[in-house]
$ cat structure_7.txt   # compact mmCIF, N, CA and C atoms
# COMPACT_ATOMS: atom_id res chain seq x y z
N MET A 1453 -14.72 25.70 -9.60
CA MET A 1453 -15.17 24.43 -10.15
C MET A 1453 -16.68 24.33 -9.94
N ALA A 1454 -17.39 23.90 -10.96
CA ALA A 1454 -18.85 23.80 -10.90
C ALA A 1454 -19.27 22.71 -9.92
N LEU A 1455 -20.43 22.91 -9.32
CA LEU A 1455 -20.96 21.95 -8.35
C LEU A 1455 -21.10 20.56 -8.96
N LEU A 1456 -21.56 20.48 -10.21
CA LEU A 1456 -21.70 19.18 -10.86
C LEU A 1456 -20.36 18.46 -10.94
N SER A 1457 -19.31 19.18 -11.29
CA SER A 1457 -17.96 18.60 -11.35
C SER A 1457 -17.53 18.09 -9.98
N GLN A 1458 -17.80 18.88 -8.96
CA GLN A 1458 -17.43 18.47 -7.60
C GLN A 1458 -18.17 17.20 -7.18
N ILE A 1459 -19.44 17.11 -7.53
CA ILE A 1459 -20.22 15.92 -7.19
C ILE A 1459 -19.67 14.69 -7.90
N ILE A 1460 -19.37 14.83 -9.19
CA ILE A 1460 -18.83 13.69 -9.95
C ILE A 1460 -17.47 13.28 -9.41
N ILE A 1461 -16.62 14.25 -9.12
CA ILE A 1461 -15.30 13.94 -8.56
C ILE A 1461 -15.45 13.24 -7.23
N GLY A 1462 -16.36 13.71 -6.40
CA GLY A 1462 -16.63 13.04 -5.12
C GLY A 1462 -17.11 11.62 -5.31
N LEU A 1463 -17.96 11.39 -6.30
CA LEU A 1463 -18.45 10.04 -6.60
C LEU A 1463 -17.31 9.14 -7.05
N VAL A 1464 -16.46 9.64 -7.93
CA VAL A 1464 -15.32 8.84 -8.40
C VAL A 1464 -14.39 8.51 -7.23
N ALA A 1465 -14.16 9.49 -6.36
CA ALA A 1465 -13.32 9.24 -5.18
C ALA A 1465 -13.97 8.18 -4.30
N PHE A 1466 -15.28 8.29 -4.08
CA PHE A 1466 -15.98 7.30 -3.26
C PHE A 1466 -15.85 5.90 -3.85
N ILE A 1467 -16.00 5.77 -5.16
CA ILE A 1467 -15.85 4.46 -5.82
C ILE A 1467 -14.47 3.88 -5.53
N HIS A 1468 -13.45 4.73 -5.60
CA HIS A 1468 -12.09 4.22 -5.39
C HIS A 1468 -11.78 3.94 -3.92
N PHE A 1469 -12.38 4.68 -3.02
CA PHE A 1469 -12.25 4.32 -1.60
C PHE A 1469 -12.95 2.98 -1.34
N TYR A 1470 -14.07 2.74 -2.00
CA TYR A 1470 -14.78 1.47 -1.86
C TYR A 1470 -13.92 0.32 -2.40
N ILE A 1471 -13.30 0.54 -3.55
CA ILE A 1471 -12.42 -0.49 -4.12
C ILE A 1471 -11.25 -0.74 -3.19
N LEU A 1472 -10.67 0.33 -2.62
CA LEU A 1472 -9.58 0.18 -1.65
C LEU A 1472 -10.04 -0.72 -0.50
N TRP A 1473 -11.21 -0.44 0.06
CA TRP A 1473 -11.74 -1.23 1.18
C TRP A 1473 -11.90 -2.70 0.78
N LEU A 1474 -12.46 -2.94 -0.40
CA LEU A 1474 -12.65 -4.32 -0.85
C LEU A 1474 -11.31 -5.05 -1.01
N GLU A 1475 -10.37 -4.38 -1.66
CA GLU A 1475 -9.11 -5.05 -1.99
C GLU A 1475 -8.14 -5.14 -0.82
N MET A 1476 -8.19 -4.19 0.10
CA MET A 1476 -7.23 -4.21 1.20
C MET A 1476 -7.75 -4.88 2.47
N PHE A 1477 -9.03 -4.76 2.73
CA PHE A 1477 -9.52 -5.18 4.03
C PHE A 1477 -10.50 -6.36 4.02
N VAL A 1478 -11.22 -6.55 2.94
CA VAL A 1478 -12.23 -7.63 2.93
C VAL A 1478 -12.10 -8.52 1.70
N TRP A 1479 -10.88 -8.65 1.20
CA TRP A 1479 -10.63 -9.40 -0.03
C TRP A 1479 -11.10 -10.86 0.08
N THR A 1480 -10.85 -11.49 1.20
CA THR A 1480 -11.20 -12.91 1.32
C THR A 1480 -12.62 -13.13 1.84
N THR A 1481 -13.35 -12.06 2.13
CA THR A 1481 -14.73 -12.22 2.63
C THR A 1481 -15.71 -11.53 1.68
N ARG A 1482 -15.94 -10.26 1.90
CA ARG A 1482 -16.94 -9.51 1.12
C ARG A 1482 -16.60 -9.40 -0.36
N ALA A 1483 -15.34 -9.27 -0.69
CA ALA A 1483 -14.93 -9.10 -2.09
C ALA A 1483 -15.32 -10.30 -2.95
N ARG A 1484 -15.43 -11.45 -2.36
CA ARG A 1484 -15.84 -12.64 -3.12
C ARG A 1484 -17.21 -12.45 -3.76
N LYS A 1485 -18.06 -11.70 -3.08
CA LYS A 1485 -19.41 -11.46 -3.59
C LYS A 1485 -19.43 -10.41 -4.69
N VAL A 1486 -18.42 -9.54 -4.70
CA VAL A 1486 -18.35 -8.47 -5.69
C VAL A 1486 -17.60 -8.94 -6.94
N PHE A 1487 -16.47 -9.61 -6.75
CA PHE A 1487 -15.63 -10.07 -7.86
C PHE A 1487 -15.97 -11.52 -8.18
N LYS A 1488 -17.12 -11.72 -8.77
CA LYS A 1488 -17.66 -13.07 -8.99
C LYS A 1488 -16.93 -13.87 -10.07
N THR A 1489 -16.17 -13.19 -10.91
CA THR A 1489 -15.47 -13.90 -11.98
C THR A 1489 -14.18 -14.55 -11.49
N ILE A 1490 -13.74 -14.19 -10.30
CA ILE A 1490 -12.51 -14.77 -9.73
C ILE A 1490 -12.87 -16.09 -9.04
N PRO A 1491 -12.18 -17.16 -9.38
CA PRO A 1491 -12.46 -18.44 -8.71
C PRO A 1491 -12.24 -18.34 -7.19
N GLU A 1492 -13.10 -19.00 -6.43
CA GLU A 1492 -13.07 -18.95 -4.96
C GLU A 1492 -11.68 -19.26 -4.39
N ASP A 1493 -10.99 -20.22 -4.99
CA ASP A 1493 -9.71 -20.65 -4.43
C ASP A 1493 -8.59 -19.62 -4.65
N GLN A 1494 -8.85 -18.58 -5.43
CA GLN A 1494 -7.82 -17.60 -5.74
C GLN A 1494 -7.76 -16.43 -4.75
N PHE A 1495 -8.80 -16.25 -3.96
CA PHE A 1495 -8.83 -15.07 -3.08
C PHE A 1495 -7.72 -15.10 -2.03
N GLU A 1496 -7.55 -16.20 -1.38
CA GLU A 1496 -6.49 -16.29 -0.36
C GLU A 1496 -5.12 -16.16 -1.01
N LYS A 1497 -4.94 -16.77 -2.17
CA LYS A 1497 -3.64 -16.74 -2.87
C LYS A 1497 -3.29 -15.34 -3.36
N THR A 1498 -4.28 -14.53 -3.65
CA THR A 1498 -4.03 -13.20 -4.23
C THR A 1498 -4.26 -12.06 -3.24
N LYS A 1499 -4.33 -12.38 -1.97
CA LYS A 1499 -4.63 -11.38 -0.93
C LYS A 1499 -3.63 -10.21 -0.94
N LEU A 1500 -2.35 -10.50 -1.01
CA LEU A 1500 -1.34 -9.43 -1.00
C LEU A 1500 -1.37 -8.60 -2.28
N MET A 1501 -1.58 -9.28 -3.41
CA MET A 1501 -1.67 -8.56 -4.68
C MET A 1501 -2.87 -7.62 -4.68
N ALA A 1502 -4.00 -8.10 -4.18
CA ALA A 1502 -5.20 -7.28 -4.12
C ALA A 1502 -4.99 -6.08 -3.19
N ALA A 1503 -4.32 -6.28 -2.08
CA ALA A 1503 -4.05 -5.19 -1.16
C ALA A 1503 -3.19 -4.12 -1.83
N ASN A 1504 -2.24 -4.54 -2.62
CA ASN A 1504 -1.40 -3.60 -3.36
C ASN A 1504 -2.25 -2.79 -4.34
N GLN A 1505 -3.13 -3.46 -5.06
CA GLN A 1505 -4.02 -2.77 -5.99
C GLN A 1505 -4.92 -1.80 -5.23
N GLY A 1506 -5.40 -2.21 -4.08
CA GLY A 1506 -6.25 -1.35 -3.27
C GLY A 1506 -5.53 -0.08 -2.86
N LEU A 1507 -4.28 -0.21 -2.52
CA LEU A 1507 -3.49 0.96 -2.14
C LEU A 1507 -3.43 1.97 -3.28
N TYR A 1508 -3.22 1.49 -4.50
CA TYR A 1508 -3.18 2.39 -5.65
C TYR A 1508 -4.53 3.06 -5.88
N ASN A 1509 -5.62 2.32 -5.68
CA ASN A 1509 -6.94 2.93 -5.79
C ASN A 1509 -7.13 4.00 -4.73
N GLY A 1510 -6.56 3.77 -3.56
CA GLY A 1510 -6.61 4.78 -2.51
C GLY A 1510 -5.87 6.04 -2.89
N PHE A 1511 -4.72 5.91 -3.55
CA PHE A 1511 -3.98 7.09 -4.00
C PHE A 1511 -4.82 7.91 -4.98
N LEU A 1512 -5.53 7.22 -5.88
CA LEU A 1512 -6.39 7.94 -6.82
C LEU A 1512 -7.49 8.69 -6.08
N ALA A 1513 -8.11 8.02 -5.12
CA ALA A 1513 -9.19 8.64 -4.35
C ALA A 1513 -8.69 9.85 -3.58
N VAL A 1514 -7.55 9.73 -2.92
CA VAL A 1514 -7.01 10.83 -2.14
C VAL A 1514 -6.66 12.01 -3.06
N GLY A 1515 -6.12 11.72 -4.22
CA GLY A 1515 -5.82 12.79 -5.18
C GLY A 1515 -7.06 13.54 -5.60
N LEU A 1516 -8.14 12.82 -5.81
CA LEU A 1516 -9.40 13.47 -6.19
C LEU A 1516 -9.95 14.32 -5.05
N VAL A 1517 -9.90 13.79 -3.83
CA VAL A 1517 -10.35 14.57 -2.67
C VAL A 1517 -9.48 15.81 -2.50
N TRP A 1518 -8.18 15.64 -2.69
CA TRP A 1518 -7.25 16.78 -2.61
C TRP A 1518 -7.67 17.87 -3.60
N SER A 1519 -8.05 17.47 -4.82
CA SER A 1519 -8.45 18.47 -5.82
C SER A 1519 -9.65 19.29 -5.35
N LEU A 1520 -10.50 18.68 -4.54
CA LEU A 1520 -11.67 19.40 -4.03
C LEU A 1520 -11.32 20.35 -2.88
N CYS A 1521 -10.17 20.16 -2.28
CA CYS A 1521 -9.75 20.97 -1.13
C CYS A 1521 -8.87 22.16 -1.51
N ILE A 1522 -8.46 22.23 -2.75
CA ILE A 1522 -7.57 23.31 -3.20
C ILE A 1522 -8.39 24.57 -3.47
N CYS A 1523 -7.99 25.67 -2.91
CA CYS A 1523 -8.74 26.93 -3.04
C CYS A 1523 -8.56 27.59 -4.41
N ASP A 1524 -7.38 27.51 -4.97
CA ASP A 1524 -7.13 28.12 -6.27
C ASP A 1524 -7.86 27.32 -7.36
N ALA A 1525 -8.77 27.98 -8.08
CA ALA A 1525 -9.63 27.30 -9.05
C ALA A 1525 -8.85 26.60 -10.17
N THR A 1526 -7.84 27.26 -10.69
CA THR A 1526 -7.06 26.67 -11.79
C THR A 1526 -6.28 25.45 -11.31
N TRP A 1527 -5.64 25.59 -10.17
CA TRP A 1527 -4.85 24.49 -9.61
C TRP A 1527 -5.77 23.31 -9.27
N SER A 1528 -6.93 23.60 -8.68
CA SER A 1528 -7.89 22.56 -8.32
C SER A 1528 -8.34 21.80 -9.56
N ARG A 1529 -8.67 22.52 -10.61
CA ARG A 1529 -9.11 21.91 -11.87
C ARG A 1529 -8.00 21.05 -12.47
N ASN A 1530 -6.78 21.54 -12.46
CA ASN A 1530 -5.67 20.79 -13.05
C ASN A 1530 -5.39 19.50 -12.29
N VAL A 1531 -5.44 19.56 -10.97
CA VAL A 1531 -5.22 18.35 -10.16
C VAL A 1531 -6.35 17.35 -10.42
N ALA A 1532 -7.58 17.84 -10.48
CA ALA A 1532 -8.72 16.96 -10.77
C ALA A 1532 -8.58 16.32 -12.16
N LEU A 1533 -8.20 17.12 -13.15
CA LEU A 1533 -8.00 16.58 -14.50
C LEU A 1533 -6.95 15.46 -14.50
N PHE A 1534 -5.85 15.70 -13.79
CA PHE A 1534 -4.79 14.70 -13.74
C PHE A 1534 -5.30 13.39 -13.14
N PHE A 1535 -5.94 13.47 -11.97
CA PHE A 1535 -6.36 12.24 -11.30
C PHE A 1535 -7.52 11.56 -12.03
N LEU A 1536 -8.41 12.32 -12.63
CA LEU A 1536 -9.47 11.71 -13.43
C LEU A 1536 -8.88 11.02 -14.67
N ALA A 1537 -7.87 11.62 -15.26
CA ALA A 1537 -7.20 10.99 -16.40
C ALA A 1537 -6.52 9.69 -15.97
N CYS A 1538 -5.92 9.68 -14.79
CA CYS A 1538 -5.31 8.45 -14.27
C CYS A 1538 -6.36 7.36 -14.06
N VAL A 1539 -7.51 7.75 -13.51
CA VAL A 1539 -8.60 6.79 -13.31
C VAL A 1539 -9.07 6.26 -14.67
N LEU A 1540 -9.20 7.14 -15.64
CA LEU A 1540 -9.63 6.73 -16.98
C LEU A 1540 -8.66 5.71 -17.57
N VAL A 1541 -7.38 6.00 -17.50
CA VAL A 1541 -6.37 5.08 -18.06
C VAL A 1541 -6.40 3.74 -17.32
N ALA A 1542 -6.49 3.77 -16.00
CA ALA A 1542 -6.56 2.53 -15.22
C ALA A 1542 -7.80 1.73 -15.60
N GLY A 1543 -8.92 2.42 -15.76
CA GLY A 1543 -10.15 1.74 -16.14
C GLY A 1543 -10.09 1.14 -17.54
N LEU A 1544 -9.50 1.87 -18.47
CA LEU A 1544 -9.35 1.34 -19.84
C LEU A 1544 -8.44 0.11 -19.85
N TYR A 1545 -7.35 0.20 -19.13
CA TYR A 1545 -6.43 -0.94 -19.07
C TYR A 1545 -7.12 -2.15 -18.42
N GLY A 1546 -7.82 -1.92 -17.33
CA GLY A 1546 -8.54 -3.00 -16.68
C GLY A 1546 -9.60 -3.61 -17.57
N ALA A 1547 -10.29 -2.77 -18.33
CA ALA A 1547 -11.32 -3.27 -19.25
C ALA A 1547 -10.71 -4.11 -20.36
N MET A 1548 -9.52 -3.74 -20.82
CA MET A 1548 -8.87 -4.49 -21.89
C MET A 1548 -8.24 -5.79 -21.39
N THR A 1549 -7.81 -5.81 -20.14
CA THR A 1549 -7.05 -6.96 -19.67
C THR A 1549 -7.79 -7.87 -18.70
N VAL A 1550 -8.82 -7.35 -18.01
CA VAL A 1550 -9.47 -8.13 -16.96
C VAL A 1550 -10.95 -8.34 -17.26
N SER A 1551 -11.72 -7.25 -17.33
CA SER A 1551 -13.16 -7.36 -17.50
C SER A 1551 -13.71 -6.07 -18.11
N LYS A 1552 -14.59 -6.21 -19.06
CA LYS A 1552 -15.21 -5.04 -19.69
C LYS A 1552 -16.01 -4.23 -18.67
N ARG A 1553 -16.47 -4.87 -17.62
CA ARG A 1553 -17.25 -4.21 -16.56
C ARG A 1553 -16.46 -3.07 -15.92
N ILE A 1554 -15.14 -3.20 -15.86
CA ILE A 1554 -14.30 -2.16 -15.27
C ILE A 1554 -14.46 -0.84 -16.02
N PHE A 1555 -14.69 -0.91 -17.32
CA PHE A 1555 -14.90 0.30 -18.10
C PHE A 1555 -16.07 1.10 -17.55
N TYR A 1556 -17.15 0.41 -17.24
CA TYR A 1556 -18.36 1.09 -16.75
C TYR A 1556 -18.23 1.56 -15.31
N VAL A 1557 -17.50 0.81 -14.50
CA VAL A 1557 -17.35 1.17 -13.09
C VAL A 1557 -16.34 2.29 -12.89
N GLN A 1558 -15.24 2.28 -13.64
CA GLN A 1558 -14.18 3.27 -13.44
C GLN A 1558 -14.11 4.32 -14.54
N SER A 1559 -14.08 3.88 -15.78
CA SER A 1559 -13.83 4.82 -16.87
C SER A 1559 -15.00 5.75 -17.14
N VAL A 1560 -16.21 5.23 -17.15
CA VAL A 1560 -17.36 6.09 -17.47
C VAL A 1560 -17.50 7.24 -16.45
N PRO A 1561 -17.44 6.97 -15.13
CA PRO A 1561 -17.49 8.11 -14.20
C PRO A 1561 -16.33 9.10 -14.39
N ALA A 1562 -15.14 8.58 -14.70
CA ALA A 1562 -13.99 9.47 -14.94
C ALA A 1562 -14.23 10.32 -16.19
N ILE A 1563 -14.78 9.71 -17.23
CA ILE A 1563 -15.09 10.46 -18.46
C ILE A 1563 -16.10 11.56 -18.16
N LEU A 1564 -17.13 11.23 -17.38
CA LEU A 1564 -18.13 12.24 -17.01
C LEU A 1564 -17.48 13.39 -16.23
N GLY A 1565 -16.57 13.05 -15.32
CA GLY A 1565 -15.86 14.07 -14.57
C GLY A 1565 -15.00 14.95 -15.46
N LEU A 1566 -14.29 14.32 -16.37
CA LEU A 1566 -13.44 15.08 -17.30
C LEU A 1566 -14.29 16.00 -18.16
N LEU A 1567 -15.38 15.48 -18.69
CA LEU A 1567 -16.25 16.30 -19.54
C LEU A 1567 -16.83 17.48 -18.75
N SER A 1568 -17.22 17.22 -17.51
CA SER A 1568 -17.80 18.31 -16.70
C SER A 1568 -16.76 19.40 -16.45
N LEU A 1569 -15.52 19.00 -16.25
CA LEU A 1569 -14.46 20.00 -16.02
C LEU A 1569 -14.11 20.77 -17.30
N LEU A 1570 -14.14 20.06 -18.41
CA LEU A 1570 -13.73 20.69 -19.68
C LEU A 1570 -14.83 21.50 -20.33
N LEU A 1571 -16.09 21.16 -20.06
CA LEU A 1571 -17.19 21.83 -20.74
C LEU A 1571 -17.94 22.85 -19.89
N LEU A 1572 -17.81 22.76 -18.58
CA LEU A 1572 -18.56 23.70 -17.72
C LEU A 1572 -17.69 24.88 -17.31
$ encode --input "structure_7.txt" --output "structure tokens"
Amino acid sequence: MALLSQIIIGLVAFIHFYILWLEMFVWTTRARKVFKTIPEDQFEKTKLMAANQGLYNGFLAVGLVWSLCICDATWSRNVALFFLACVLVAGLYGAMTVSKRIFYVQSVPAILGLLSLLLL
């Protein structure tokens, strides 16, 4: 796997670990400053739902990190393609249903990762 692909995959994983942290651990404090479109009174009410979403973001991040740890080049690439595709789909769905900003935060980095794997 090319170094550029590894860097992009690492960045996408980092983004999803950050989202996990926001949604699972600091939803009612720090996340209020990040998710400004959510009314203040909704953070406490949606704490468990956000934690669940954070867990799923963590699964995506771990899958991407796993792809970087696999020694077999073909297997590593295939695992990375799968998890980047999952991130892309999640980002597209979020952009269509919640906020267009999600497209830029999740989908664009995933697209860059996919392109780097497919073209390099």
$ residues_around --input "structure_7.txt" --residues "Pro1561 in chain A" --least-positions-apart "3" --cutoff "8 Å" --atoms "all atoms listed in the file" --output "PyMOL selection string"
chain A and resi 1460-1461+1463-1464+1536+1539-1540+1555-1558+1564-1567
$ residues_around --input "structure_7.txt" --residues "Lys1499 in chain A" --least-positions-apart "2" --cutoff "12 Å" --atoms "only C-alpha atoms" --output "JSON list (two decimals) with N, CA and C atoms, in the frame of the given file"
[["chain", "number", "residue", "atom", "x", "y", "z"],
["A", 1474, "LEU", "N", -12.46, -2.94, -0.40],
["A", 1474, "LEU", "CA", -12.65, -4.32, -0.85],
["A", 1474, "LEU", "C", -11.31, -5.05, -1.01],
["A", 1475, "GLU", "N", -10.37, -4.38, -1.66],
["A", 1475, "GLU", "CA", -9.11, -5.05, -1.99],
["A", 1475, "GLU", "C", -8.14, -5.14, -0.82],
["A", 1476, "MET", "N", -8.19, -4.19, 0.10],
["A", 1476, "MET", "CA", -7.23, -4.21, 1.20],
["A", 1476, "MET", "C", -7.75, -4.88, 2.47],
["A", 1477, "PHE", "N", -9.03, -4.76, 2.73],
["A", 1477, "PHE", "CA", -9.52, -5.18, 4.03],
["A", 1477, "PHE", "C", -10.50, -6.36, 4.02],
["A", 1478, "VAL", "N", -11.22, -6.55, 2.94],
["A", 1478, "VAL", "CA", -12.23, -7.63, 2.93],
["A", 1478, "VAL", "C", -12.10, -8.52, 1.70],
["A", 1479, "TRP", "N", -10.88, -8.65, 1.20],
["A", 1479, "TRP", "CA", -10.63, -9.40, -0.03],
["A", 1479, "TRP", "C", -11.10, -10.86, 0.08],
["A", 1480, "THR", "N", -10.85, -11.49, 1.20],
["A", 1480, "THR", "CA", -11.20, -12.91, 1.32],
["A", 1480, "THR", "C", -12.62, -13.13, 1.84],
["A", 1481, "THR", "N", -13.35, -12.06, 2.13],
["A", 1481, "THR", "CA", -14.73, -12.22, 2.63],
["A", 1481, "THR", "C", -15.71, -11.53, 1.68],
["A", 1483, "ALA", "N", -15.34, -9.27, -0.69],
["A", 1483, "ALA", "CA", -14.93, -9.10, -2.09],
["A", 1483, "ALA", "C", -15.32, -10.30, -2.95],
["A", 1484, "ARG", "N", -15.43, -11.45, -2.36],
["A", 1484, "ARG", "CA", -15.84, -12.64, -3.12],
["A", 1484, "ARG", "C", -17.21, -12.45, -3.76],
["A", 1493, "ASP", "N", -10.99, -20.22, -4.99],
["A", 1493, "ASP", "CA", -9.71, -20.65, -4.43],
["A", 1493, "ASP", "C", -8.59, -19.62, -4.65],
["A", 1494, "GLN", "N", -8.85, -18.58, -5.43],
["A", 1494, "GLN", "CA", -7.82, -17.60, -5.74],
["A", 1494, "GLN", "C", -7.76, -16.43, -4.75],
["A", 1495, "PHE", "N", -8.80, -16.25, -3.96],
["A", 1495, "PHE", "CA", -8.83, -15.07, -3.08],
["A", 1495, "PHE", "C", -7.72, -15.10, -2.03],
["A", 1496, "GLU", "N", -7.55, -16.20, -1.38],
["A", 1496, "GLU", "CA", -6.49, -16.29, -0.36],
["A", 1496, "GLU", "C", -5.12, -16.16, -1.01],
["A", 1497, "LYS", "N", -4.94, -16.77, -2.17],
["A", 1497, "LYS", "CA", -3.64, -16.74, -2.87],
["A", 1497, "LYS", "C", -3.29, -15.34, -3.36],
["A", 1501, "MET", "N", -1.58, -9.28, -3.41],
["A", 1501, "MET", "CA", -1.67, -8.56, -4.68],
["A", 1501, "MET", "C", -2.87, -7.62, -4.68],
["A", 1502, "ALA", "N", -4.00, -8.10, -4.18],
["A", 1502, "ALA", "CA", -5.20, -7.28, -4.12],
["A", 1502, "ALA", "C", -4.99, -6.08, -3.19],
["A", 1503, "ALA", "N", -4.32, -6.28, -2.08],
["A", 1503, "ALA", "CA", -4.05, -5.19, -1.16],
["A", 1503, "ALA", "C", -3.19, -4.12, -1.83],
["A", 1504, "ASN", "N", -2.24, -4.54, -2.62],
["A", 1504, "ASN", "CA", -1.40, -3.60, -3.36],
["A", 1504, "ASN", "C", -2.25, -2.79, -4.34],
["A", 1505, "GLN", "N", -3.13, -3.46, -5.06],
["A", 1505, "GLN", "CA", -4.02, -2.77, -5.99],
["A", 1505, "GLN", "C", -4.92, -1.80, -5.23],
["A", 1506, "GLY", "N", -5.40, -2.21, -4.08],
["A", 1506, "GLY", "CA", -6.25, -1.35, -3.27],
["A", 1506, "GLY", "C", -5.53, -0.08, -2.86]]
$ atom_distance --input "structure_7.txt" --atom1 "atom C of Ala1465 in chain A" --atom2 "CA of Val1517 in chain A"
7.5 Å
$ select_by_dssp --input "structure_7.txt" --residues "chain A" --states "helix (DSSP H, G or I)" --output "PyMOL selection string"
chain A and resi 1455-1476+1483-1486+1494-1497+1499-1521+1525-1549+1553-1571
$ closest_residue --input "structure_7.txt" --among "A:Val1560, A:Ile1471, A:Asn1530, A:Lys1485" --to "Gly1543 in chain A" --atoms "all atoms listed in the file"
A:Val1560
$ closest_residue --input "structure_7.txt" --among "A:Ser1559, A:Met1453, A:Phe1487, A:Asp1524" --to "Tyr1545 in chain A" --atoms "only C-alpha atoms"
A:Ser1559
$ atom_distance --input "structure_7.txt" --atom1 "atom N of Ala1532 in chain A" --atom2 "CA of Ser1519 in chain A"
4.8 Å
$ atom_distance --input "structure_7.txt" --atom1 "CA of Gln1458 in chain A" --atom2 "CA of Leu1516 in chain A"
9.6 Å
$ build_atoms --input "structure_7.txt" --residues "range 1470-1486 of chain A" --atoms "N, CA, C and O atoms" --output "tab-separated table (two decimals), keeping the file's coordinate frame"
chain	number	residue	atom	x	y	z
A	1470	TYR	N	-14.07	2.74	-2.00
A	1470	TYR	CA	-14.78	1.47	-1.86
A	1470	TYR	C	-13.92	0.32	-2.40
A	1470	TYR	O	-13.80	-0.73	-1.76
A	1471	ILE	N	-13.30	0.54	-3.55
A	1471	ILE	CA	-12.42	-0.49	-4.12
A	1471	ILE	C	-11.25	-0.74	-3.19
A	1471	ILE	O	-10.85	-1.89	-2.97
A	1472	LEU	N	-10.67	0.33	-2.62
A	1472	LEU	CA	-9.58	0.18	-1.65
A	1472	LEU	C	-10.04	-0.72	-0.50
A	1472	LEU	O	-9.34	-1.65	-0.13
A	1473	TRP	N	-11.21	-0.44	0.06
A	1473	TRP	CA	-11.74	-1.23	1.18
A	1473	TRP	C	-11.90	-2.70	0.78
A	1473	TRP	O	-11.48	-3.60	1.52
A	1474	LEU	N	-12.46	-2.94	-0.40
A	1474	LEU	CA	-12.65	-4.32	-0.85
A	1474	LEU	C	-11.31	-5.05	-1.01
A	1474	LEU	O	-11.16	-6.18	-0.56
A	1475	GLU	N	-10.37	-4.38	-1.66
A	1475	GLU	CA	-9.11	-5.05	-1.99
A	1475	GLU	C	-8.14	-5.14	-0.82
A	1475	GLU	O	-7.36	-6.09	-0.74
A	1476	MET	N	-8.19	-4.19	0.10
A	1476	MET	CA	-7.23	-4.21	1.20
A	1476	MET	C	-7.75	-4.88	2.47
A	1476	MET	O	-6.97	-5.47	3.21
A	1477	PHE	N	-9.03	-4.76	2.73
A	1477	PHE	CA	-9.52	-5.18	4.03
A	1477	PHE	C	-10.50	-6.36	4.02
A	1477	PHE	O	-10.62	-7.05	5.03
A	1478	VAL	N	-11.22	-6.55	2.94
A	1478	VAL	CA	-12.23	-7.63	2.93
A	1478	VAL	C	-12.10	-8.52	1.70
A	1478	VAL	O	-13.08	-9.08	1.20
A	1479	TRP	N	-10.88	-8.65	1.20
A	1479	TRP	CA	-10.63	-9.40	-0.03
A	1479	TRP	C	-11.10	-10.86	0.08
A	1479	TRP	O	-11.68	-11.40	-0.85
A	1480	THR	N	-10.85	-11.49	1.20
A	1480	THR	CA	-11.20	-12.91	1.32
A	1480	THR	C	-12.62	-13.13	1.84
A	1480	THR	O	-13.04	-14.28	1.97
A	1481	THR	N	-13.35	-12.06	2.13
A	1481	THR	CA	-14.73	-12.22	2.63
A	1481	THR	C	-15.71	-11.53	1.68
A	1481	THR	O	-16.21	-12.13	0.76
A	1482	ARG	N	-15.94	-10.26	1.90
A	1482	ARG	CA	-16.94	-9.51	1.12
A	1482	ARG	C	-16.60	-9.40	-0.36
A	1482	ARG	O	-17.49	-9.41	-1.22
A	1483	ALA	N	-15.34	-9.27	-0.69
A	1483	ALA	CA	-14.93	-9.10	-2.09
A	1483	ALA	C	-15.32	-10.30	-2.95
A	1483	ALA	O	-15.55	-10.15	-4.15
A	1484	ARG	N	-15.43	-11.45	-2.36
A	1484	ARG	CA	-15.84	-12.64	-3.12
A	1484	ARG	C	-17.21	-12.45	-3.76
A	1484	ARG	O	-17.47	-12.99	-4.83
A	1485	LYS	N	-18.06	-11.70	-3.08
A	1485	LYS	CA	-19.41	-11.46	-3.59
A	1485	LYS	C	-19.43	-10.41	-4.69
A	1485	LYS	O	-20.34	-10.37	-5.51
A	1486	VAL	N	-18.42	-9.54	-4.70
A	1486	VAL	CA	-18.35	-8.47	-5.69
A	1486	VAL	C	-17.60	-8.94	-6.94
A	1486	VAL	O	-18.03	-8.69	-8.07
